[in-house]
Amino acid sequence: MSKGTILKVAGPLVVAEGMRDANMFDVVRVSDERLIGEIIEMHGDRASIQVYEETAGLGTGEPVESTGEPMSVELGPGLIRGIFDGIQRPLEDIMQKIGNNLKRGVEVPSLDRTIKWHFTPVMKAGDAVKAGDIIGTVQETDVVLHKIMIPYGIEGTLQYINEGDYTVTETIAAVATPNGEKAITLMQKWPVRKGRPYQKKLSPDKPLVTGQRVIDALFPIAKGGVAAIPGPFGSGKTVTQHQLAKWAEADIVVYIGCGERGNEMTDVLNEFPELIDPHTGKSLMERTVLIANTSDMPVAAREASIYTGITIAEYFRDMGYSVALMADSTSRWAEALREMSGRLEEMPGEEGYPAYLGSRLAQFYERAGRVITLGSDNREAALSVIGAVSPPGGDISEPVSQATLRIVKVFWGLDSSLAYKRHFPAINWLTSYSLYADSLGKWFNENVDDNWMKNRTRIMGLLSDEASLDEIVKLVGMDALSPTDRLKMEAARSIREDFLHQLAFHEVDTYTSLKKQFLMMSLVLAYYDKSLNALGRGANIEDLASLAAREGIGRFKYVPEEKIDEEYKIVIAALDSEIESAVKKGEED
C-alpha cells in the first residue's frame with residue numbers, strides 16, 4: 001500500500017508526492033478526514049488525484065494513502081430502488097446516519113450489509129460452472145428477479161451451494177478451481193472504467209418500442225442503440241426522458257442525473273416513486289436505479305457518475321435483461337472533464353474542452369449494445385443509452401453536441417420554437433434523424449404491417465414538402481398555391497397536429513401502440529389520397545380542407561386501444577361519404 005503526502009491543492013485536484021508504488025486510477029484516501037479520490041496522472045513519484053469530496057481546508061503535508069484498487073462499484077441485491085451519488089454512496093443511508101447535509105469523509109457501504117436476502121439456488125453441488133452462469137436467484141422487488149452470477153475469471157465445479165437468507169457479504173457457494181477454492185457471495189465488485197465482458201455483439205435490428213409516435217414512427221431507436229437528445233433550456237428534455245423511462249420496452253431503468261440542478265433532481269426523486277409502471281401496475285422505482293449527482297456536488301464526482309451508472313446497467317444486462325440508461329446530461333459531465341483538464345494544465349482543445357473529449361464520449365456510448373452475455377445459456381440482452389445534451393444557448397455546433405453526433409445513430413433534436421408553440425414532444429422532424437430506420441424497417445414491416453415503411457416515407461415526404469411550401473406562403477400568401485399544394489399543406493398540418501403532437505399527461509394519448517400508430521398514419525394518408533383523387537374529379541379545395549371527418553382523424557389519438565379497429569372503420573366511412581359529397585358539389589358548381 002502506497003503512502004504519500006499532499007504537495008499541492010487546487011480545488012478538486014490534489015497533488016501528492018511519495019506515491020511511486022501507486023497505479024493509475026487507484027482509489028486513494030486523502031488527509032486524516034479520509035476523503036475519497038482517484039489517481040488520474042502520474043509523474044515519477046507524484047500523483048495527481050481528483051478528489052470526489054470538498055477539499056476546503058486541506059493543507060500540504062497531510063497524508064495520502066492508496067487502497068491499491070481501482071474505482072469500483074458493488075453489484076448485488078439492493079441496487080434496485082437505490083438512490084446513489086456519483087461514486088455509489090447510498091444517499092438515503094447517509095441521511096439516516098448524519099442528517100440531510102452530506103458531510104465529507106463519510107464511509108458507508110454502497111450495499112446494505114444488514115439486510116438478509118432469500119437466495120434460491122438453480123444449480124447443485126457438482127455442476128460445472130463458468131463466468132456468467134446463473135447459480136441462483138433473489139427476489140429483489142416484486143418486479144425484479146435478481147440473478148446471482150459466477151463472477152468474471154472464475155471457472156470450475158460447485159463444491160456446495162446453500163439455500164437460505166444471507167447478507168450480500170456472506171458465502172452462499174464455493175467453486176473448486178485450478179487455483180483453489182473460491183467463495184461466492186451475493187455481491188461482486190467491478191471497476192467502473194472497464195466495460196463488463198460479453199460473448200458476442202449482435203446487430204441492432206430490433207426496435208426499442210417507446211409508445212412515443214414521433215420516435216417509433218419517424219426516428220426509431222434499436223434495442224442496444226444509442227441516442228442523443230440535445231435541446232435548449234425548457235424544450236422538454238427531462239419530460240421526454242421520463243416518458244422513455246416509463247414506457248420504453250425495458251426491464252430495468254438506470255437514470256443518471258449528472259450535474260443537474262438540485263430542484264430538477266428533487267422532482268425526479270419525488271416523481272419516480274409516484275409514477276405507476278404501466279407494465280406491472282407497481283411503482284416505477286420497483287425496477288429503477290437512480291444516480292443523483294447535483295450541480296452543487298464536487299465536480300470530480302460528476303465525472304465518475306456516468307461510469308458508475310453504466311457499470312450498474314451492464315450488470316443487469318448480463319442477467320439477460322433489456323436495460324435503458326438515461327444520462328441527463330452529458331454536457332455537465334463534459335464541463336467537469338474540462339475543469340479537471342484545466343487544473344492538470346493539459347493543452348486545451350476547442351472551447352477549452354480537453355483534446356480527448358471525443359474519445360471519452362465514444363468509450364461511454366460504445367458500452368451500449370445488444371449482446372449474447374457470458375454464461376452457458378447464451379442469454380440475449382440489450383443496453384440502450386439515451387444521453388441528453390444541454391448545449392449553451394441551444395447551439396448544437398458546440399464541441400459536446402458535435403462529438404456526440406459523430407458517435408450516436410439517433411438524433412432527437414428538441415426545438416425551443418416548437419416548445420413555445422406548446423407542441424410536445426418538441427422534436428424537430430426536419431433536423432432529427434435515425435440511422436437505424438432502414439435496418440429496423442424489415443422488423444416493422446413483418447411485425448406491424450407490410451406498409452409501415454412506405455407510410456413512414458410518405459409522411460416524411462409530406463413534412464419536407466410543407467417546409468418548402470411554407471417559404472412560398474410567407475412570401476406571397478396561401479392563395480398563390482395550387483390546389484394540390486394546398487392539399488399537401490393540409491395533410492402536413494394533420495400529421496403535425498394529429499399524429500406528432502402527443503400529450504404526456506393524457507391517460508390514453510401518453511402511450512400509443514405500434515398498431516395504433518400505423519392506423520393513425522394510414523388515416524392521414526387516406527385523407528390525402530382520397531382528396532387528391534377528388535381534386536382531379538372537380539372537388540373544391542376549400543370543401544376538402546373543411547371536411548367534418550378530419551375531426552375524427554384528429555380525435556383518433558384519444559381512442560382507447562380496444563376500440564381502434566371499430567373507430568378506424570367509422571372514420572374511413574365518414575371520409576368516403578364526405579369526399580363524395582364534395583365531388584358532387586364541385587360538379588354542380
# chains A, B, ... in the order shown; residues from 1 in each chain; ligands from 1
>>> residues_around(residues="segment 23-32 of chain A", least_positions_apart="3", cutoff="9 Å", atoms="only C-alpha atoms", output="PyMOL selection string")
chain A and resi 5-6+14+19-20+35-42+47+49+51+58-59+61-72+105+193
>>> write_last_selection(atoms="C-alpha atoms", output="compact mmCIF listing (two decimals), in the first residue's frame")
# COMPACT_ATOMS: atom_id res chain seq x y z
CA THR A 5 1.86 13.44 1.49
CA ILE A 6 -0.02 16.36 -0.05
CA VAL A 14 -4.66 17.30 -5.12
CA MET A 19 3.31 7.72 -4.41
CA ARG A 20 5.75 5.80 -6.64
CA LEU A 35 -11.68 11.90 1.56
CA ILE A 36 -12.20 9.64 -1.48
CA GLY A 37 -10.06 10.36 -4.54
CA GLU A 38 -8.75 8.70 -7.69
CA ILE A 39 -5.31 8.97 -9.30
CA ILE A 40 -5.64 10.43 -12.80
CA GLU A 41 -2.00 11.27 -13.62
CA MET A 42 1.46 10.03 -12.52
CA ALA A 47 0.34 11.54 -8.31
CA ILE A 49 -5.62 12.95 -7.61
CA VAL A 51 -10.98 14.21 -5.06
CA LEU A 58 -6.78 20.66 3.20
CA GLY A 59 -3.11 21.62 3.62
CA GLY A 61 1.97 17.65 4.35
CA GLU A 62 -1.28 15.82 5.14
CA PRO A 63 -1.24 12.05 4.48
CA VAL A 64 -2.46 10.32 1.31
CA GLU A 65 -2.98 6.56 1.27
CA SER A 66 -3.63 4.36 -1.79
CA THR A 67 -6.07 1.46 -1.42
CA GLY A 68 -4.38 -0.37 -4.32
CA GLU A 69 -7.75 -0.92 -6.04
CA PRO A 70 -9.39 0.90 -8.97
CA MET A 71 -12.64 2.85 -8.58
CA SER A 72 -15.23 0.05 -8.37
CA GLY A 105 -15.24 11.71 4.78
CA ARG A 193 -13.94 2.49 -16.17
>>> residues_around(residues="Val129 of chain A", least_positions_apart="5", cutoff="7 Å", atoms="only C-alpha atoms", output="list of chain:residue names")
A:Glu155, A:Gly156, A:Thr157, A:Leu158
>>> residues_around(residues="Thr120 of chain A", least_positions_apart="2", cutoff="7 Å", atoms="only C-alpha atoms", output="ChimeraX atom specification")
/A:118,122,136-138,163
>>> atom_distance(atom1="atom CA of Arg302 of chain A", atom2="atom CA of Ser416 of chain A")
26.9 Å
>>> closest_residue(among="A:Leu75, A:Val15, A:Val209, A:Ala248", to="Trp443 of chain A", atoms="only C-alpha atoms")
A:Val209
>>> residues_around(residues="Pro197 of chain A", least_positions_apart="2", cutoff="9 Å", atoms="only C-alpha atoms", output="MDAnalysis selection string")
chainID A and resid 152 194:195 199 318 373:374
>>> write_last_selection(atoms="N, CA and C atoms", output="mmCIF file, in the first residue's frame")
data_model
loop_
_atom_site.group_PDB
_atom_site.id
_atom_site.type_symbol
_atom_site.label_atom_id
_atom_site.label_comp_id
_atom_site.auth_asym_id
_atom_site.auth_seq_id
_atom_site.Cartn_x
_atom_site.Cartn_y
_atom_site.Cartn_z
ATOM 1 N N TYR A 152 -16.661 -12.842 -13.081
ATOM 2 C CA TYR A 152 -15.708 -12.985 -14.197
ATOM 3 C C TYR A 152 -14.379 -13.532 -13.670
ATOM 4 N N LYS A 194 -14.005 0.149 -16.809
ATOM 5 C CA LYS A 194 -13.776 -1.001 -17.686
ATOM 6 C C LYS A 194 -15.124 -1.639 -18.014
ATOM 7 N N GLY A 195 -15.433 -1.783 -19.301
ATOM 8 C CA GLY A 195 -16.699 -2.395 -19.707
ATOM 9 C C GLY A 195 -16.773 -3.851 -19.284
ATOM 10 N N GLN A 199 -20.076 -12.312 -24.666
ATOM 11 C CA GLN A 199 -19.584 -13.253 -25.687
ATOM 12 C C GLN A 199 -19.528 -12.629 -27.075
ATOM 13 N N ASP A 318 -26.159 -8.223 -18.082
ATOM 14 C CA ASP A 318 -25.538 -9.553 -18.028
ATOM 15 C C ASP A 318 -26.487 -10.621 -17.490
ATOM 16 N N THR A 373 -24.680 -12.664 -23.689
ATOM 17 C CA THR A 373 -23.905 -12.485 -22.454
ATOM 18 C C THR A 373 -22.998 -13.686 -22.189
ATOM 19 N N LEU A 374 -22.111 -13.523 -21.218
ATOM 20 C CA LEU A 374 -21.305 -14.655 -20.758
ATOM 21 C C LEU A 374 -22.226 -15.694 -20.112
#
>>> closest_residue(among="A:Ser329, A:Ser295, A:Thr431, A:Thr510", to="Pro391 of chain A", atoms="only C-alpha atoms")
A:Ser329
>>> select_by_dssp(residues="segment 161-375 of chain A", states="strand (DSSP E)", output="PyMOL selection string")
chain A and resi 161+164-166+171-177+180-185+188-191+200-202+226-230+252-260+288-294+322-328+369-372
>>> residues_around(residues="Tyr307 of chain A", least_positions_apart="4", cutoff="8 Å", atoms="only C-alpha atoms", output="list in words")
Val192, Arg193, Glu303, Thr311 and Phe364 of chain A
>>> closest_atom_pairs(of="segment 381-475 of chain A", to="segment 332-344 of chain A", cutoff="10 Å", atoms="only C-alpha atoms", output="Markdown table")
| residue | atom | partner | partner_atom | distance |
| --- | --- | --- | --- | --- |
| A:Ala388 | CA | A:Arg332 | CA | 9.9 |
| A:Val389 | CA | A:Arg332 | CA | 8.4 |
| A:Ser390 | CA | A:Arg332 | CA | 7.8 |
| A:Pro391 | CA | A:Arg332 | CA | 9.6 |
| A:Pro399 | CA | A:Ala334 | CA | 9.7 |
| A:Val400 | CA | A:Ala334 | CA | 7.1 |
>>> write_last_selection(atoms="all heavy atoms", output="PDB file, in the first residue's frame")
ATOM      1  N   ALA A 388     -28.918  12.984 -22.772  1.00  0.00           N
ATOM      2  CA  ALA A 388     -29.349  14.364 -23.026  1.00  0.00           C
ATOM      3  C   ALA A 388     -28.116  15.240 -23.135  1.00  0.00           C
ATOM      4  O   ALA A 388     -27.122  15.022 -22.429  1.00  0.00           O
ATOM      5  CB  ALA A 388     -30.244  14.847 -21.900  1.00  0.00           C
ATOM      6  N   VAL A 389     -28.170  16.200 -24.035  1.00  0.00           N
ATOM      7  CA  VAL A 389     -27.077  17.162 -24.200  1.00  0.00           C
ATOM      8  C   VAL A 389     -27.684  18.544 -23.998  1.00  0.00           C
ATOM      9  O   VAL A 389     -28.750  18.837 -24.552  1.00  0.00           O
ATOM     10  CB  VAL A 389     -26.425  17.058 -25.600  1.00  0.00           C
ATOM     11  CG1 VAL A 389     -25.205  17.953 -25.702  1.00  0.00           C
ATOM     12  CG2 VAL A 389     -26.041  15.616 -25.915  1.00  0.00           C
ATOM     13  N   SER A 390     -27.026  19.387 -23.198  1.00  0.00           N
ATOM     14  CA  SER A 390     -27.566  20.722 -22.919  1.00  0.00           C
ATOM     15  C   SER A 390     -26.616  21.778 -23.482  1.00  0.00           C
ATOM     16  O   SER A 390     -25.824  22.360 -22.731  1.00  0.00           O
ATOM     17  CB  SER A 390     -27.717  20.934 -21.411  1.00  0.00           C
ATOM     18  OG  SER A 390     -28.339  19.832 -20.819  1.00  0.00           O
ATOM     19  N   PRO A 391     -26.658  22.019 -24.793  1.00  0.00           N
ATOM     20  CA  PRO A 391     -25.719  22.980 -25.370  1.00  0.00           C
ATOM     21  C   PRO A 391     -26.033  24.395 -24.898  1.00  0.00           C
ATOM     22  O   PRO A 391     -27.207  24.765 -24.823  1.00  0.00           O
ATOM     23  CB  PRO A 391     -25.930  22.842 -26.882  1.00  0.00           C
ATOM     24  CG  PRO A 391     -27.263  22.210 -27.035  1.00  0.00           C
ATOM     25  CD  PRO A 391     -27.553  21.435 -25.798  1.00  0.00           C
ATOM     26  N   PRO A 399     -18.757  21.917 -29.144  1.00  0.00           N
ATOM     27  CA  PRO A 399     -18.000  20.648 -29.228  1.00  0.00           C
ATOM     28  C   PRO A 399     -18.688  19.416 -28.663  1.00  0.00           C
ATOM     29  O   PRO A 399     -18.587  18.335 -29.232  1.00  0.00           O
ATOM     30  CB  PRO A 399     -16.718  20.955 -28.435  1.00  0.00           C
ATOM     31  CG  PRO A 399     -16.593  22.422 -28.440  1.00  0.00           C
ATOM     32  CD  PRO A 399     -17.975  22.977 -28.499  1.00  0.00           C
ATOM     33  N   VAL A 400     -19.406  19.525 -27.518  1.00  0.00           N
ATOM     34  CA  VAL A 400     -20.002  18.321 -26.906  1.00  0.00           C
ATOM     35  C   VAL A 400     -21.076  17.748 -27.823  1.00  0.00           C
ATOM     36  O   VAL A 400     -21.125  16.539 -28.074  1.00  0.00           O
ATOM     37  CB  VAL A 400     -20.589  18.628 -25.513  1.00  0.00           C
ATOM     38  CG1 VAL A 400     -21.156  17.362 -24.889  1.00  0.00           C
ATOM     39  CG2 VAL A 400     -19.530  19.234 -24.604  1.00  0.00           C
TER      40      VAL A 400
END
>>> closest_residue(among="A:Gly211, A:Gly441, A:Gly82, A:Gly224", to="Glu366 of chain A", atoms="only C-alpha atoms")
A:Gly224
>>> residues_around(residues="Met265 of chain A", least_positions_apart="4", cutoff="9 Å", atoms="only C-alpha atoms", output="list in words")
Gly257, Glu260, Arg261, Leu269, Asn270, Ala292, Asn293 and Thr294 of chain A
>>> write_last_selection(atoms="C-alpha atoms", output="mmCIF file, in the first residue's frame")
data_model
loop_
_atom_site.group_PDB
_atom_site.id
_atom_site.type_symbol
_atom_site.label_atom_id
_atom_site.label_comp_id
_atom_site.auth_asym_id
_atom_site.auth_seq_id
_atom_site.Cartn_x
_atom_site.Cartn_y
_atom_site.Cartn_z
ATOM 1 C CA GLY A 257 -28.767 12.926 -13.036
ATOM 2 C CA GLU A 260 -28.400 18.610 -12.888
ATOM 3 C CA ARG A 261 -29.945 21.428 -10.843
ATOM 4 C CA LEU A 269 -36.667 11.691 -6.814
ATOM 5 C CA ASN A 270 -40.223 12.707 -5.880
ATOM 6 C CA ALA A 292 -28.255 11.625 -8.169
ATOM 7 C CA ASN A 293 -25.324 13.940 -8.737
ATOM 8 C CA THR A 294 -26.435 17.559 -8.478
#
>>> residues_around(residues="Leu487 of chain A", least_positions_apart="4", cutoff="10 Å", atoms="only C-alpha atoms", output="list in words")
Leu481, Ser482, Pro483, Ala491, Ala492, Arg493, Tyr527, Tyr528, Asp529, Ser531, Leu532, Leu535, Ile541, Glu542, Leu544 and Ala545 of chain A
>>> write_last_selection(atoms="all heavy atoms", output="tab-separated table (two decimals), in the first residue's frame")
chain	number	residue	atom	x	y	z
A	481	LEU	N	-50.79	29.31	-53.86
A	481	LEU	CA	-50.50	27.88	-54.06
A	481	LEU	C	-51.57	27.23	-54.94
A	481	LEU	O	-52.74	27.62	-54.92
A	481	LEU	CB	-50.47	27.15	-52.71
A	481	LEU	CG	-49.37	27.54	-51.71
A	481	LEU	CD1	-49.50	26.69	-50.46
A	481	LEU	CD2	-47.98	27.39	-52.32
A	482	SER	N	-51.14	26.21	-55.66
A	482	SER	CA	-52.09	25.43	-56.46
A	482	SER	C	-52.91	24.56	-55.51
A	482	SER	O	-52.50	24.31	-54.37
A	482	SER	CB	-51.32	24.53	-57.44
A	482	SER	OG	-50.59	23.54	-56.71
A	483	PRO	N	-54.10	24.07	-55.96
A	483	PRO	CA	-54.93	23.21	-55.09
A	483	PRO	C	-54.17	21.99	-54.56
A	483	PRO	O	-54.34	21.62	-53.40
A	483	PRO	CB	-56.09	22.80	-55.99
A	483	PRO	CG	-56.20	23.91	-56.98
A	483	PRO	CD	-54.81	24.39	-57.22
A	491	ALA	N	-52.57	18.22	-45.38
A	491	ALA	CA	-52.19	16.88	-44.92
A	491	ALA	C	-51.03	16.97	-43.92
A	491	ALA	O	-51.03	16.27	-42.89
A	491	ALA	CB	-51.81	16.00	-46.11
A	492	ALA	N	-50.07	17.85	-44.23
A	492	ALA	CA	-48.91	18.01	-43.32
A	492	ALA	C	-49.37	18.58	-41.98
A	492	ALA	O	-48.84	18.21	-40.92
A	492	ALA	CB	-47.86	18.90	-43.96
A	493	ARG	N	-50.37	19.49	-42.01
A	493	ARG	CA	-50.89	20.05	-40.76
A	493	ARG	C	-51.52	18.94	-39.91
A	493	ARG	O	-51.36	18.88	-38.69
A	493	ARG	CB	-51.92	21.14	-41.06
A	493	ARG	CG	-52.45	21.83	-39.80
A	493	ARG	CD	-53.12	23.15	-40.14
A	493	ARG	NE	-54.37	22.94	-40.85
A	493	ARG	CZ	-55.55	22.76	-40.26
A	493	ARG	NH1	-55.64	22.73	-38.94
A	493	ARG	NH2	-56.65	22.59	-40.96
A	527	TYR	N	-56.82	10.38	-46.09
A	527	TYR	CA	-57.41	11.71	-46.35
A	527	TYR	C	-56.69	12.38	-47.53
A	527	TYR	O	-57.34	12.92	-48.44
A	527	TYR	CB	-57.29	12.59	-45.10
A	527	TYR	CG	-57.48	14.06	-45.39
A	527	TYR	CD1	-58.74	14.57	-45.72
A	527	TYR	CD2	-56.41	14.95	-45.38
A	527	TYR	CE1	-58.93	15.92	-46.02
A	527	TYR	CE2	-56.57	16.29	-45.68
A	527	TYR	CZ	-57.83	16.77	-46.00
A	527	TYR	OH	-58.00	18.09	-46.32
A	528	TYR	N	-55.36	12.31	-47.55
A	528	TYR	CA	-54.59	12.95	-48.63
A	528	TYR	C	-54.87	12.29	-49.98
A	528	TYR	O	-55.17	12.97	-50.98
A	528	TYR	CB	-53.09	12.89	-48.31
A	528	TYR	CG	-52.22	13.46	-49.40
A	528	TYR	CD1	-52.22	14.82	-49.69
A	528	TYR	CD2	-51.39	12.63	-50.17
A	528	TYR	CE1	-51.43	15.35	-50.70
A	528	TYR	CE2	-50.60	13.14	-51.17
A	528	TYR	CZ	-50.62	14.50	-51.43
A	528	TYR	OH	-49.83	15.02	-52.45
A	529	ASP	N	-54.82	10.95	-50.02
A	529	ASP	CA	-55.00	10.23	-51.29
A	529	ASP	C	-56.42	10.42	-51.84
A	529	ASP	O	-56.61	10.68	-53.04
A	529	ASP	CB	-54.72	8.73	-51.11
A	529	ASP	CG	-53.24	8.45	-50.84
A	529	ASP	OD1	-52.41	9.32	-51.20
A	529	ASP	OD2	-52.93	7.39	-50.26
A	531	SER	N	-58.55	12.82	-51.16
A	531	SER	CA	-58.76	14.24	-51.52
A	531	SER	C	-58.07	14.58	-52.83
A	531	SER	O	-58.58	15.35	-53.65
A	531	SER	CB	-58.26	15.15	-50.41
A	531	SER	OG	-58.98	14.93	-49.22
A	532	LEU	N	-56.88	14.00	-53.03
A	532	LEU	CA	-56.15	14.24	-54.28
A	532	LEU	C	-56.94	13.71	-55.47
A	532	LEU	O	-57.07	14.36	-56.52
A	532	LEU	CB	-54.77	13.55	-54.20
A	532	LEU	CG	-53.71	13.97	-55.21
A	532	LEU	CD1	-53.38	15.46	-55.08
A	532	LEU	CD2	-52.43	13.15	-55.03
A	535	LEU	N	-59.88	16.03	-56.07
A	535	LEU	CA	-59.48	17.27	-56.77
A	535	LEU	C	-59.49	17.04	-58.28
A	535	LEU	O	-59.94	17.89	-59.05
A	535	LEU	CB	-58.06	17.71	-56.34
A	535	LEU	CG	-57.92	18.52	-55.05
A	535	LEU	CD1	-56.44	18.82	-54.80
A	535	LEU	CD2	-58.69	19.83	-55.14
A	541	ILE	N	-60.98	22.73	-53.26
A	541	ILE	CA	-60.01	22.55	-52.17
A	541	ILE	C	-60.54	23.07	-50.84
A	541	ILE	O	-60.27	22.50	-49.78
A	541	ILE	CB	-58.64	23.21	-52.53
A	541	ILE	CG1	-57.60	22.95	-51.41
A	541	ILE	CG2	-58.78	24.70	-52.76
A	541	ILE	CD1	-57.24	21.54	-51.15
A	542	GLU	N	-61.35	24.15	-50.88
A	542	GLU	CA	-61.90	24.71	-49.63
A	542	GLU	C	-62.81	23.69	-48.94
A	542	GLU	O	-62.80	23.54	-47.73
A	542	GLU	CB	-62.69	26.01	-49.91
A	542	GLU	CG	-61.88	27.13	-50.53
A	542	GLU	CD	-60.77	27.63	-49.61
A	542	GLU	OE1	-60.84	27.37	-48.38
A	542	GLU	OE2	-59.81	28.25	-50.11
A	544	LEU	N	-62.64	20.40	-49.31
A	544	LEU	CA	-61.83	19.28	-48.84
A	544	LEU	C	-61.08	19.64	-47.55
A	544	LEU	O	-60.85	18.78	-46.69
A	544	LEU	CB	-60.85	18.84	-49.93
A	544	LEU	CG	-61.49	18.25	-51.19
A	544	LEU	CD1	-60.44	18.04	-52.27
A	544	LEU	CD2	-62.19	16.92	-50.88
A	545	ALA	N	-60.68	20.90	-47.45
A	545	ALA	CA	-59.92	21.33	-46.26
A	545	ALA	C	-60.81	21.39	-45.02
A	545	ALA	O	-60.33	21.26	-43.90
A	545	ALA	CB	-59.29	22.69	-46.51
>>> atom_distance(atom1="atom CA of Arg287 of chain A", atom2="atom CA of Val144 of chain A")
6.3 Å
>>> closest_residue(among="A:Gly461, A:Gly231, A:Gly132, A:Gly352", to="Ser376 of chain A", atoms="only C-alpha atoms")
A:Gly132
>>> atom_distance(atom1="atom CA of Asn100 of chain A", atom2="atom CA of Gln243 of chain A")
29.6 Å
>>> closest_atom_pairs(of="segment 371-435 of chain A", to="segment 497-501 of chain A", cutoff="10 Å", atoms="only C-alpha atoms", output="tab-separated table")
residue	atom	partner	partner_atom	distance
A:Arg422	CA	A:His501	CA	9.1
A:His423	CA	A:His501	CA	5.9
A:Phe424	CA	A:His501	CA	5.7
A:Pro425	CA	A:His501	CA	6.6
A:Ala426	CA	A:His501	CA	8.4
A:Ile427	CA	A:Leu500	CA	9.0
A:Trp429	CA	A:Leu500	CA	9.1
>>> write_last_selection(atoms="all heavy atoms", output="PDB file, in the first residue's frame")
ATOM      1  N   ARG A 422     -46.171  25.164 -27.747  1.00  0.00           N
ATOM      2  CA  ARG A 422     -46.795  24.086 -26.969  1.00  0.00           C
ATOM      3  C   ARG A 422     -46.951  22.806 -27.789  1.00  0.00           C
ATOM      4  O   ARG A 422     -47.904  22.047 -27.604  1.00  0.00           O
ATOM      5  CB  ARG A 422     -48.176  24.491 -26.387  1.00  0.00           C
ATOM      6  CG  ARG A 422     -48.261  25.874 -25.782  1.00  0.00           C
ATOM      7  CD  ARG A 422     -47.185  26.168 -24.779  1.00  0.00           C
ATOM      8  NE  ARG A 422     -47.233  25.357 -23.580  1.00  0.00           N
ATOM      9  CZ  ARG A 422     -46.204  25.200 -22.728  1.00  0.00           C
ATOM     10  NH1 ARG A 422     -45.051  25.770 -22.985  1.00  0.00           N
ATOM     11  NH2 ARG A 422     -46.331  24.464 -21.667  1.00  0.00           N
ATOM     12  N   HIS A 423     -46.038  22.587 -28.733  1.00  0.00           N
ATOM     13  CA  HIS A 423     -46.038  21.320 -29.495  1.00  0.00           C
ATOM     14  C   HIS A 423     -45.047  20.382 -28.795  1.00  0.00           C
ATOM     15  O   HIS A 423     -43.839  20.564 -28.872  1.00  0.00           O
ATOM     16  CB  HIS A 423     -45.605  21.562 -30.950  1.00  0.00           C
ATOM     17  CG  HIS A 423     -45.523  20.287 -31.754  1.00  0.00           C
ATOM     18  ND1 HIS A 423     -46.445  19.954 -32.712  1.00  0.00           N
ATOM     19  CD2 HIS A 423     -44.640  19.263 -31.729  1.00  0.00           C
ATOM     20  CE1 HIS A 423     -46.117  18.780 -33.243  1.00  0.00           C
ATOM     21  NE2 HIS A 423     -45.028  18.344 -32.654  1.00  0.00           N
ATOM     22  N   PHE A 424     -45.593  19.381 -28.099  1.00  0.00           N
ATOM     23  CA  PHE A 424     -44.731  18.421 -27.397  1.00  0.00           C
ATOM     24  C   PHE A 424     -45.052  17.004 -27.864  1.00  0.00           C
ATOM     25  O   PHE A 424     -46.204  16.719 -28.165  1.00  0.00           O
ATOM     26  CB  PHE A 424     -44.948  18.523 -25.878  1.00  0.00           C
ATOM     27  CG  PHE A 424     -44.422  19.791 -25.283  1.00  0.00           C
ATOM     28  CD1 PHE A 424     -45.288  20.794 -24.853  1.00  0.00           C
ATOM     29  CD2 PHE A 424     -43.057  20.007 -25.165  1.00  0.00           C
ATOM     30  CE1 PHE A 424     -44.804  21.967 -24.306  1.00  0.00           C
ATOM     31  CE2 PHE A 424     -42.562  21.180 -24.619  1.00  0.00           C
ATOM     32  CZ  PHE A 424     -43.440  22.165 -24.191  1.00  0.00           C
ATOM     33  N   PRO A 425     -44.079  16.084 -27.914  1.00  0.00           N
ATOM     34  CA  PRO A 425     -42.657  16.346 -27.694  1.00  0.00           C
ATOM     35  C   PRO A 425     -42.111  17.283 -28.776  1.00  0.00           C
ATOM     36  O   PRO A 425     -42.469  17.142 -29.952  1.00  0.00           O
ATOM     37  CB  PRO A 425     -42.003  14.964 -27.775  1.00  0.00           C
ATOM     38  CG  PRO A 425     -43.022  14.049 -28.358  1.00  0.00           C
ATOM     39  CD  PRO A 425     -44.355  14.680 -28.219  1.00  0.00           C
ATOM     40  N   ALA A 426     -41.231  18.219 -28.379  1.00  0.00           N
ATOM     41  CA  ALA A 426     -40.755  19.276 -29.285  1.00  0.00           C
ATOM     42  C   ALA A 426     -39.588  18.796 -30.146  1.00  0.00           C
ATOM     43  O   ALA A 426     -38.586  19.490 -30.314  1.00  0.00           O
ATOM     44  CB  ALA A 426     -40.360  20.498 -28.467  1.00  0.00           C
ATOM     45  N   ILE A 427     -39.718  17.579 -30.692  1.00  0.00           N
ATOM     46  CA  ILE A 427     -38.660  17.016 -31.549  1.00  0.00           C
ATOM     47  C   ILE A 427     -38.861  17.525 -32.966  1.00  0.00           C
ATOM     48  O   ILE A 427     -39.906  17.293 -33.575  1.00  0.00           O
ATOM     49  CB  ILE A 427     -38.683  15.471 -31.490  1.00  0.00           C
ATOM     50  CG1 ILE A 427     -38.310  14.987 -30.084  1.00  0.00           C
ATOM     51  CG2 ILE A 427     -37.748  14.863 -32.528  1.00  0.00           C
ATOM     52  CD1 ILE A 427     -38.457  13.497 -29.843  1.00  0.00           C
ATOM     53  N   TRP A 429     -38.828  17.554 -36.676  1.00  0.00           N
ATOM     54  CA  TRP A 429     -38.809  16.456 -37.668  1.00  0.00           C
ATOM     55  C   TRP A 429     -37.923  16.780 -38.864  1.00  0.00           C
ATOM     56  O   TRP A 429     -37.613  15.899 -39.649  1.00  0.00           O
ATOM     57  CB  TRP A 429     -40.239  16.156 -38.137  1.00  0.00           C
ATOM     58  CG  TRP A 429     -41.004  17.400 -38.492  1.00  0.00           C
ATOM     59  CD1 TRP A 429     -41.034  18.037 -39.693  1.00  0.00           C
ATOM     60  CD2 TRP A 429     -41.810  18.170 -37.603  1.00  0.00           C
ATOM     61  NE1 TRP A 429     -41.815  19.154 -39.610  1.00  0.00           N
ATOM     62  CE2 TRP A 429     -42.316  19.269 -38.340  1.00  0.00           C
ATOM     63  CE3 TRP A 429     -42.182  18.031 -36.270  1.00  0.00           C
ATOM     64  CZ2 TRP A 429     -43.160  20.223 -37.788  1.00  0.00           C
ATOM     65  CZ3 TRP A 429     -43.007  18.981 -35.722  1.00  0.00           C
ATOM     66  CH2 TRP A 429     -43.501  20.075 -36.466  1.00  0.00           C
TER      67      TRP A 429
END
>>> closest_residue(among="A:Lys147, A:Lys474, A:Lys130, A:Arg537", to="Glu580 of chain A", atoms="only C-alpha atoms")
A:Arg537
>>> closest_residue(among="A:Gly153, A:Gly369, A:Leu145, A:Lys116", to="Glu170 of chain A", atoms="only C-alpha atoms")
A:Lys116
